[in-house]
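**Student:** So here's input_23.txt (compact mmCIF, C-alpha atoms and all ligand atoms).
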# COMPACT_ATOMS: atom_id res chain seq x y z
CA MET A 1 -35.76 17.41 -0.80
CA THR A 2 -32.51 15.56 -1.39
CA GLU A 3 -31.49 11.90 -1.41
CA ASN A 4 -28.16 10.49 -0.37
CA GLY A 5 -26.03 8.49 -2.76
CA LEU A 6 -22.60 7.33 -3.72
CA VAL A 7 -20.82 8.54 -6.85
CA SER A 8 -20.18 5.44 -8.95
CA ALA A 9 -18.74 6.86 -12.17
CA ARG A 10 -18.03 10.01 -14.11
CA ARG A 11 -19.74 10.42 -17.48
CA GLY A 12 -18.27 13.39 -19.27
CA ARG A 13 -19.28 16.35 -17.12
CA ARG A 14 -21.89 14.42 -15.23
CA PHE A 15 -21.79 11.78 -12.51
CA GLU A 16 -23.60 8.55 -11.90
CA VAL A 17 -24.96 8.55 -8.37
CA ARG A 18 -26.19 5.33 -6.83
CA ASP A 19 -28.76 5.50 -4.06
CA ASP A 20 -28.86 3.00 -1.22
CA GLY A 21 -31.33 0.86 -3.11
CA GLY A 22 -29.04 0.62 -6.14
CA ALA A 23 -30.95 2.99 -8.45
CA ILE A 24 -28.69 5.23 -10.51
CA ARG A 25 -29.22 8.86 -11.44
CA LEU A 26 -27.14 10.83 -13.92
CA CYS A 27 -26.32 14.07 -12.12
CA GLN A 28 -24.85 17.47 -12.72
CA ALA A 29 -22.98 19.08 -9.85
CA ARG A 30 -23.25 22.61 -8.52
CA ARG A 31 -20.13 24.36 -9.71
CA ARG A 32 -19.09 25.63 -6.29
CA LEU A 33 -18.63 22.08 -5.02
CA GLY A 34 -15.15 21.56 -6.43
CA PRO A 35 -13.84 18.19 -7.56
CA ILE A 36 -16.13 15.20 -7.12
CA VAL A 37 -14.85 11.64 -7.46
CA VAL A 38 -16.01 8.08 -7.39
CA GLY A 39 -16.73 7.03 -3.82
CA ASP A 40 -17.95 10.47 -2.73
CA ARG A 41 -21.09 10.49 -0.58
CA VAL A 42 -23.36 13.17 -1.99
CA ALA A 43 -26.80 14.69 -1.54
CA VAL A 44 -28.81 14.76 -4.76
CA ARG A 45 -31.91 16.74 -5.66
CA PRO A 46 -33.83 14.41 -7.99
CA VAL A 47 -34.82 15.66 -11.46
CA GLY A 48 -37.32 13.43 -13.20
CA ALA A 49 -37.01 9.68 -12.98
CA ASP A 50 -33.29 9.20 -13.42
CA GLU A 51 -31.46 12.52 -13.32
CA GLY A 52 -30.51 14.92 -10.57
CA ILE A 53 -28.33 17.68 -9.23
CA ILE A 54 -25.59 17.12 -6.68
CA GLU A 55 -26.14 19.72 -3.98
CA SER A 56 -23.42 18.80 -1.51
CA VAL A 57 -20.52 16.43 -0.92
CA ASP A 58 -19.86 14.80 2.45
CA GLU A 59 -16.52 15.15 4.14
CA ARG A 60 -14.14 12.41 2.92
CA ARG A 61 -12.71 9.92 5.36
CA SER A 62 -9.87 9.12 2.95
CA VAL A 63 -8.72 9.92 -0.57
CA LEU A 64 -7.00 7.88 -3.21
CA ALA A 65 -4.90 10.24 -5.29
CA ARG A 66 -1.91 10.32 -7.56
CA PRO A 67 0.80 12.90 -7.58
CA GLY A 68 0.10 15.83 -9.91
CA PRO A 69 2.29 18.67 -11.17
CA ALA A 70 3.39 21.25 -8.63
CA GLY A 71 2.20 19.17 -5.72
CA ARG A 72 -1.42 19.29 -6.83
CA ASP A 73 -2.55 15.73 -6.25
CA ARG A 74 -5.11 14.32 -8.62
CA LEU A 75 -8.06 12.71 -6.89
CA ILE A 76 -8.92 9.19 -8.05
CA ALA A 77 -11.48 8.08 -5.48
CA ALA A 78 -12.85 8.97 -2.07
CA ASN A 79 -13.68 7.06 1.10
CA VAL A 80 -11.55 4.04 0.27
CA ASP A 81 -11.07 1.66 3.21
CA LEU A 82 -8.72 -0.82 1.60
CA LEU A 83 -6.30 -0.55 -1.27
CA LEU A 84 -5.70 -3.77 -3.17
CA VAL A 85 -2.39 -3.70 -4.99
CA VAL A 86 -2.90 -6.10 -7.88
CA THR A 87 0.06 -7.65 -9.64
CA ALA A 88 0.83 -10.64 -11.79
CA LEU A 89 4.37 -10.54 -10.32
CA ARG A 90 6.15 -11.71 -13.43
CA PRO A 91 8.40 -10.12 -14.66
CA SER A 92 10.34 -9.31 -11.51
CA THR A 93 10.17 -5.54 -12.15
CA SER A 94 6.65 -5.92 -10.77
CA ARG A 95 8.09 -6.22 -7.28
CA ARG A 96 9.26 -2.61 -7.50
CA VAL A 97 5.83 -1.50 -8.65
CA VAL A 98 4.14 -3.29 -5.76
CA ASP A 99 6.53 -1.69 -3.28
CA ARG A 100 5.92 1.77 -4.74
CA HIS A 101 2.19 1.28 -4.49
CA LEU A 102 2.55 0.20 -0.87
CA VAL A 103 4.58 3.35 -0.15
CA GLY A 104 1.77 5.34 -1.79
CA SER A 105 -0.79 3.66 0.46
CA GLU A 106 1.23 4.49 3.59
CA HIS A 107 1.61 8.06 2.36
CA LEU A 108 -2.17 8.39 1.92
CA ASP A 109 -2.80 6.54 5.19
CA LEU A 110 -4.77 3.78 3.49
CA SER A 111 -4.59 0.15 4.57
CA ALA A 112 -3.31 -2.06 1.82
CA ALA A 113 -3.21 -5.70 0.80
CA VAL A 114 -1.44 -7.43 -2.07
CA VAL A 115 -3.28 -9.47 -4.69
CA LEU A 116 -1.26 -11.84 -6.80
CA ASN A 117 -3.46 -12.49 -9.83
CA LYS A 118 -3.03 -14.91 -12.75
CA ILE A 119 -1.97 -17.75 -10.48
CA ASP A 120 -3.21 -20.10 -13.18
CA LEU A 121 0.08 -19.21 -14.91
CA LEU A 122 2.25 -20.02 -11.89
CA PRO A 123 3.46 -23.49 -10.96
CA GLU A 124 4.20 -22.86 -7.27
CA VAL A 125 0.89 -21.83 -5.72
CA PRO A 126 -0.65 -21.70 -3.19
CA ASP A 127 1.92 -19.86 -1.09
CA ALA A 128 3.87 -18.27 -3.93
CA PRO A 129 7.34 -17.53 -2.55
CA GLU A 130 7.42 -14.00 -4.00
CA LEU A 131 4.72 -13.04 -1.54
CA ASP A 132 6.57 -14.21 1.58
CA PRO A 133 8.25 -10.84 2.18
CA TYR A 134 4.84 -9.17 2.21
CA ARG A 135 3.35 -11.80 4.51
CA ARG A 136 6.26 -11.33 6.92
CA VAL A 137 5.83 -7.56 6.96
CA GLY A 138 2.19 -8.11 7.88
CA TYR A 139 0.35 -7.30 4.66
CA ARG A 140 -2.57 -9.54 3.87
CA VAL A 141 -1.98 -11.32 0.58
CA PHE A 142 -4.43 -12.93 -1.80
CA GLU A 143 -3.67 -15.32 -4.63
CA THR A 144 -6.29 -15.22 -7.36
CA SER A 145 -7.09 -16.14 -10.90
CA ALA A 146 -9.73 -14.09 -12.64
CA LEU A 147 -9.57 -16.74 -15.35
CA THR A 148 -10.37 -19.83 -13.24
CA GLY A 149 -11.95 -18.13 -10.24
CA ALA A 150 -9.37 -19.56 -7.84
CA GLY A 151 -9.01 -17.54 -4.64
CA LEU A 152 -12.03 -15.37 -5.40
CA ASP A 153 -14.11 -16.62 -2.45
CA ARG A 154 -11.47 -15.60 0.05
CA LEU A 155 -11.00 -12.25 -1.65
CA SER A 156 -14.70 -11.44 -1.72
CA ALA A 157 -15.07 -12.37 1.93
CA ALA A 158 -12.31 -9.90 2.78
CA LEU A 159 -13.96 -7.10 0.80
CA ARG A 160 -17.40 -7.49 2.36
CA GLY A 161 -18.92 -4.38 3.91
CA GLN A 162 -16.20 -1.91 2.98
CA VAL A 163 -14.99 0.16 0.05
CA SER A 164 -11.97 -1.35 -1.66
CA ALA A 165 -10.02 0.01 -4.61
CA LEU A 166 -7.98 -2.04 -7.04
CA VAL A 167 -4.74 -0.41 -8.12
CA GLY A 168 -1.70 -1.73 -9.91
CA PRO A 169 -0.17 -1.80 -13.35
CA SER A 170 -2.31 -2.00 -16.42
CA GLY A 171 -2.72 -5.60 -17.53
CA ALA A 172 -2.54 -7.14 -14.04
CA GLY A 173 -6.20 -8.14 -14.27
CA LYS A 174 -8.00 -5.53 -12.17
CA SER A 175 -11.03 -5.20 -14.43
CA SER A 176 -11.18 -8.96 -14.88
CA LEU A 177 -11.28 -9.39 -11.10
CA VAL A 178 -14.09 -6.85 -10.81
CA ARG A 179 -16.06 -8.71 -13.46
CA ARG A 180 -15.66 -11.86 -11.36
CA LEU A 181 -16.49 -10.19 -8.05
CA VAL A 182 -19.51 -8.32 -9.42
CA PRO A 183 -21.53 -10.40 -11.84
CA GLY A 184 -23.01 -8.06 -14.43
CA ALA A 185 -20.63 -5.18 -13.64
CA ASP A 186 -20.12 -4.39 -17.30
CA LEU A 187 -23.81 -4.65 -18.05
CA ALA A 188 -24.71 -1.88 -15.62
CA VAL A 189 -22.04 0.36 -17.08
CA GLY A 190 -23.06 -0.29 -20.68
CA ALA A 191 -26.75 0.29 -20.02
CA LEU A 192 -26.18 3.78 -18.71
CA SER A 193 -23.45 4.89 -21.04
CA ARG A 194 -25.69 4.34 -24.04
CA ARG A 195 -27.72 7.40 -23.14
CA GLY A 196 -25.04 9.47 -21.42
CA GLU A 197 -23.19 12.20 -23.25
CA GLN A 198 -19.69 11.17 -24.37
CA GLY A 199 -20.99 7.89 -23.13
CA ARG A 200 -18.23 5.50 -24.01
CA HIS A 201 -17.00 3.21 -21.27
CA THR A 202 -13.24 3.30 -21.13
CA THR A 203 -10.76 2.07 -18.58
CA THR A 204 -9.31 5.56 -18.23
CA VAL A 205 -11.76 6.33 -15.46
CA SER A 206 -12.50 4.78 -12.11
CA THR A 207 -15.80 3.01 -11.56
CA LEU A 208 -17.49 1.85 -8.38
CA HIS A 209 -19.45 -1.40 -8.22
CA ALA A 210 -21.69 -2.85 -5.49
CA LEU A 211 -20.53 -6.24 -4.23
CA PRO A 212 -23.24 -8.89 -3.94
CA GLY A 213 -22.30 -9.52 -0.29
CA GLY A 214 -22.32 -5.81 0.63
CA GLY A 215 -19.64 -3.19 0.19
CA PHE A 216 -18.14 -1.72 -2.95
CA VAL A 217 -15.17 -2.25 -5.17
CA ILE A 218 -13.53 0.46 -7.27
CA ASP A 219 -11.78 -0.40 -10.50
CA SER A 220 -9.11 2.13 -11.38
CA PRO A 221 -7.01 2.59 -14.48
CA GLY A 222 -3.35 1.66 -14.14
CA MET A 223 -1.49 4.54 -12.55
CA SER A 224 2.16 4.09 -13.31
CA ASP A 225 3.03 7.14 -11.21
CA PHE A 226 0.96 6.20 -8.19
CA GLY A 227 4.00 5.50 -6.02
CA GLU A 228 5.98 8.49 -7.23
CA TRP A 229 5.11 10.92 -4.51
CA PRO A 230 7.55 13.77 -4.12
CA LEU A 231 8.44 12.65 -0.62
CA PRO A 232 11.47 13.91 1.25
CA VAL A 233 13.96 11.01 1.21
CA GLU A 234 13.78 10.57 4.97
CA ARG A 235 10.05 9.88 4.64
CA ILE A 236 10.35 7.03 2.16
CA ALA A 237 11.21 4.54 4.91
CA ASP A 238 7.79 5.26 6.42
CA GLY A 239 6.34 3.27 3.54
CA PHE A 240 8.39 0.20 4.47
CA PRO A 241 7.21 -0.94 7.92
CA GLU A 242 10.08 -3.40 8.37
CA ILE A 243 12.66 -0.68 7.65
CA ARG A 244 10.89 1.98 9.68
CA SER A 245 10.73 -0.27 12.75
CA ARG A 246 14.51 -0.89 12.74
CA SER A 247 15.82 2.54 11.82
CA GLY A 248 16.02 3.63 15.46
CA ARG A 249 18.91 1.22 15.94
CA CYS A 250 21.16 2.72 13.24
CA ARG A 251 24.20 4.66 14.46
CA PHE A 252 23.09 7.86 12.73
CA ARG A 253 19.72 9.40 13.41
CA ASN A 254 19.40 10.50 9.80
CA CYS A 255 20.65 7.18 8.38
CA LEU A 256 19.16 6.53 4.92
CA HIS A 257 20.28 2.88 5.04
CA LEU A 258 22.35 3.19 1.88
CA HIS A 259 26.03 2.81 2.74
CA GLU A 260 26.30 4.34 6.20
CA PRO A 261 28.36 2.56 8.87
CA ASP A 262 26.55 0.60 11.61
CA CYS A 263 23.26 0.59 9.75
CA ALA A 264 20.83 -1.69 11.60
CA VAL A 265 18.65 -1.98 8.51
CA ALA A 266 21.42 -3.15 6.18
CA ALA A 267 22.53 -5.62 8.86
CA ALA A 268 19.09 -7.12 9.44
CA PRO A 269 18.96 -10.57 7.83
CA GLU A 270 15.17 -10.67 8.12
CA ILE A 271 14.70 -7.72 5.76
CA ASP A 272 14.05 -9.03 2.29
CA PRO A 273 16.86 -7.97 -0.08
CA GLU A 274 14.40 -7.11 -2.85
CA ARG A 275 12.38 -4.89 -0.55
CA LEU A 276 15.56 -3.15 0.58
CA ALA A 277 16.57 -2.73 -3.07
CA SER A 278 13.15 -1.17 -3.82
CA TYR A 279 13.59 1.22 -0.94
CA ARG A 280 17.10 2.23 -2.01
CA GLN A 281 15.95 2.71 -5.60
CA MET A 282 13.20 5.05 -4.43
CA VAL A 283 15.67 7.06 -2.37
CA GLU A 284 18.07 7.31 -5.31
CA ASP A 285 15.25 8.34 -7.68
CA MET A 286 14.12 11.03 -5.29
CA ARG A 287 17.59 12.52 -4.93
CA ARG A 288 18.02 12.90 -8.66
N1 LIG B 301 -4.21 -16.18 -17.48
C1 LIG B 301 -4.87 -15.17 -16.89
N2 LIG B 301 -5.15 -14.04 -17.60
C2 LIG B 301 -5.80 -13.04 -16.97
C3 LIG B 301 -6.20 -13.13 -15.61
N3 LIG B 301 -6.81 -11.97 -15.27
C4 LIG B 301 -6.79 -11.19 -16.36
N4 LIG B 301 -6.19 -11.82 -17.39
C5 LIG B 301 -5.95 -11.27 -18.74
O1 LIG B 301 -5.02 -10.20 -18.62
C6 LIG B 301 -5.35 -9.15 -19.54
C7 LIG B 301 -5.52 -7.84 -18.80
O2 LIG B 301 -6.66 -7.93 -17.97
P1 LIG B 301 -7.44 -6.65 -17.44
O3 LIG B 301 -8.48 -7.13 -16.50
O4 LIG B 301 -7.88 -5.77 -18.56
O5 LIG B 301 -6.28 -5.91 -16.62
P2 LIG B 301 -6.27 -4.42 -16.00
O6 LIG B 301 -5.55 -3.54 -16.97
O7 LIG B 301 -5.50 -4.56 -14.72
O8 LIG B 301 -7.69 -4.03 -15.76
C8 LIG B 301 -6.61 -9.59 -20.27
O9 LIG B 301 -6.23 -10.16 -21.48
C9 LIG B 301 -7.19 -10.65 -19.34
O10 LIG B 301 -7.96 -11.60 -20.02
C10 LIG B 301 -5.91 -14.36 -14.89
O11 LIG B 301 -6.19 -14.54 -13.73
N5 LIG B 301 -5.23 -15.33 -15.61
MG MG B 302 -8.71 -2.30 -16.35
ZN ZN B 303 20.42 2.64 8.63
As structure tokens, what does this structure read like?
**Tutor:**
Amino acid sequence: MTENGLVSARRGRRFEVRDDGGAIRLCQARRRLGPIVVGDRVAVRPVGADEGIIESVDERRSVLARPGPAGRDRLIAANVDLLLVVTALRPSTSRRVVDRHLVGSEHLDLSAAVVLNKIDLLPEVPDAPELDPYRRVGYRVFETSALTGAGLDRLSAALRGQVSALVGPSGAGKSSLVRRLVPGADLAVGALSRRGEQGRHTTTVSTLHALPGGGFVIDSPGMSDFGEWPLPVERIADGFPEIRSRSGRCRFRNCLHLHEPDCAVAAAPEIDPERLASYRQMVEDMRR
């Protein structure tokens, strides 16, 4: 007899598995199962009141991963429907980080949206001008403050019923947003970790939390290398929809939109210069 559940956290060598009613079991996994991550749907054989053994893992409909050595990607989470790239957007180097994360989401075939957090620190909101390039490309954008709660209603409505993962640089406010979106999120974590082995809650792991309105949100640690996929240079443009859609009009089929003659991308006034600079930086980095 097994029960179905969702992996909500890793605790040392064991996993927290949440059943559909919200009860959590601390589970070991059969060794033959291979890597198991937050967001995996699993079948658990119950042991006692609150422990169990993971017997099988369902096929994943998507994976969130970061590039590992020798092309061995490191799994971060499974079955993510929406990637939320969280940024505080000041200093301006953050623009590059956002663009790299969006390239990562295209590479992993995940839909993505941009969250500008800490708007309490910005004078020109709503409609922060830094987000216009993303709006124009077609990304959904959210302006939030985990401090004041501004923008949180709209964000939670967008997350309802699906699995979303927060990514972005450390310090952008991902965990603070989760605490806002999921009242008591920390409490649930603390209660379990007290009896788990190596049971300290740190932000070096991903955790999955049930949203009050349905659906789940995954808090992830900052992954500075998330966008650094070893992509062939001609694939980088795939992560920039506005560049990809114009590249067919360049004179050269293999145009990289750097300094080639008759480049339709370089000539397009509607392409944001900062986005183009991000793209070119990624191409240069990859060639090195
Ligand atoms: N002013 C302001 N500070 C925030 C906001 N969100 C988070 N912070 C602060 O930013 C710091 C990093 O937040 P944290 O949630 O740990 O970021 P994470 O590394 O992305 O998880 C903490 O000191 C938070 O209190 C916000 O909306 N406004
Ligand atoms: Mg955090
Ligand atoms: Zn071109």
**Student:** Between CA of Ser224 in chain A and CA of Leu116 in chain A, what distance in Å does the model show, to one decimal?
**Tutor:** 17.5 Å
**Student:** Name the residues in contact with Pro46 in chain A at a cut-off of 9 Å, using all atoms listed in the file, excluding same-chain residues fewer than 5 positions from it; report them as a ChimeraX atom specification.
**Tutor:** /A:1-3,25,27,51-54
**Student:** Mind pulling up the distance from CA of Gly104 in chain A to CA of Arg280 in chain A?
**Tutor:**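 Computed distance, CA of Arg280 in chain A to CA of Gly104 in chain A, equals 15.6 Å.
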**Student:** How would you write, as a PDB file with C-alpha atoms, in the coordinates of the input, the set of residues no farther than 6 Å from ligand ZN 303 (chain B) when counting all atoms listed in the file?
**Tutor:**
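pocket-v3.pdb written:
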ATOM      1  CA  SER A 247      15.820   2.540  11.820  1.00  0.00           C
ATOM      2  CA  CYS A 250      21.160   2.720  13.240  1.00  0.00           C
ATOM      3  CA  CYS A 255      20.650   7.180   8.380  1.00  0.00           C
ATOM      4  CA  LEU A 256      19.160   6.530   4.920  1.00  0.00           C
ATOM      5  CA  HIS A 257      20.280   2.880   5.040  1.00  0.00           C
ATOM      6  CA  CYS A 263      23.260   0.590   9.750  1.00  0.00           C
ATOM      7  CA  ALA A 264      20.830  -1.690  11.600  1.00  0.00           C
ATOM      8  CA  VAL A 265      18.650  -1.980   8.510  1.00  0.00           C
TER       9      VAL A 265
END
**Student:** Using all atoms listed in the file, which protein or nucleic acid residues are at most 7 Å from ligand LIG 301 (chain B), as a PyMOL selection string?
**Tutor:** chain A and resi 117-121+144-148+168-177+221-222
**Student:** Name the closest residue to ligand MG 302 (chain B) among the candidates A:Val63, A:Val85, A:Ile36, A:Leu166; distances are taken between atoms, counting only C-alpha atoms and all ligand atoms.
**Tutor:** A:Leu166
**Student:** Would you mind telling me which residue in A:Val37, A:Leu208, A:Val167, A:Ala112 lies nearest to ligand MG 302 (chain B) when using all atoms listed in the file?
**Tutor:** A:Val167
**Student:** How far is it from CA of Glu242 in chain A to CA of Glu143 in chain A, in Å with one decimal?
**Tutor:**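 Interatomic distance, CA of Glu242 in chain A to CA of Glu143 in chain A: 22.4 Å.
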**Student:** So which one's closest to Asp109 in chain A, A:Gly248, A:Gly214, A:Gly239, A:Pro261? Using all atoms listed in the file, please.
**Tutor:**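 Among the listed residues, A:Gly239 lies closest to Asp109 in chain A.
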**Student:** Could you give me, as a Markdown table, a per-residue list for range 141-241 of chain A showing, wherever an atom lies at most 8 Å from an atom of range 272-279 of chain A, the closest pair of atoms and their distance in Å to one decimal, using all atoms listed in the file and sorting by chain then residue number from low to high?
**Tutor:**
| residue | atom | partner | partner_atom | distance |
| --- | --- | --- | --- | --- |
| A:Ile236 | CA | A:Tyr279 | CA | 7.3 |
| A:Ala237 | CA | A:Tyr279 | CA | 7.1 |
| A:Phe240 | CA | A:Tyr279 | CA | 7.6 |
**Student:** Rank A:Val86, A:Leu6, A:Val103, A:Ala128 by their smallest atom-to-atom distance to Asp58 in chain A, using all atoms listed in the file, and report the top residue only.
**Tutor:**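 Selected residue with least distance to Asp58 in chain A: A:Leu6.
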**Student:** Looking at A:Pro126, A:Val115, A:Ser220, A:Asp99, which one is nearest to Thr207 in chain A, with distances taken over only C-alpha atoms?
**Tutor:**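 Nearest to Thr207 in chain A: A:Ser220.
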**Student:** Could you give me, as a PyMOL selection string, the residues within 7 Å of Leu64 in chain A, counting only C-alpha atoms and dropping anything in the same chain fewer than 4 positions from it?
**Tutor:** chain A and resi 75-78+80
**Student:** Looking at all atoms listed in the file, which of A:Asp127, A:Asp73, A:Asp219, A:Asp50 is the one that sits closest to ligand MG 302 (chain B)?
**Tutor:**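 Ranked by minimum distance to ligand MG 302 (chain B), first place goes to A:Asp219.
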**Student:** So which residues touch Ala210 in chain A within 10 Å, counting all atoms listed in the file, skipping near sequence neighbours fewer than 2 positions away, as a PyMOL selection string?
**Tutor:** chain A and resi 8+18+22+161+163+181-183+185+208+212-218
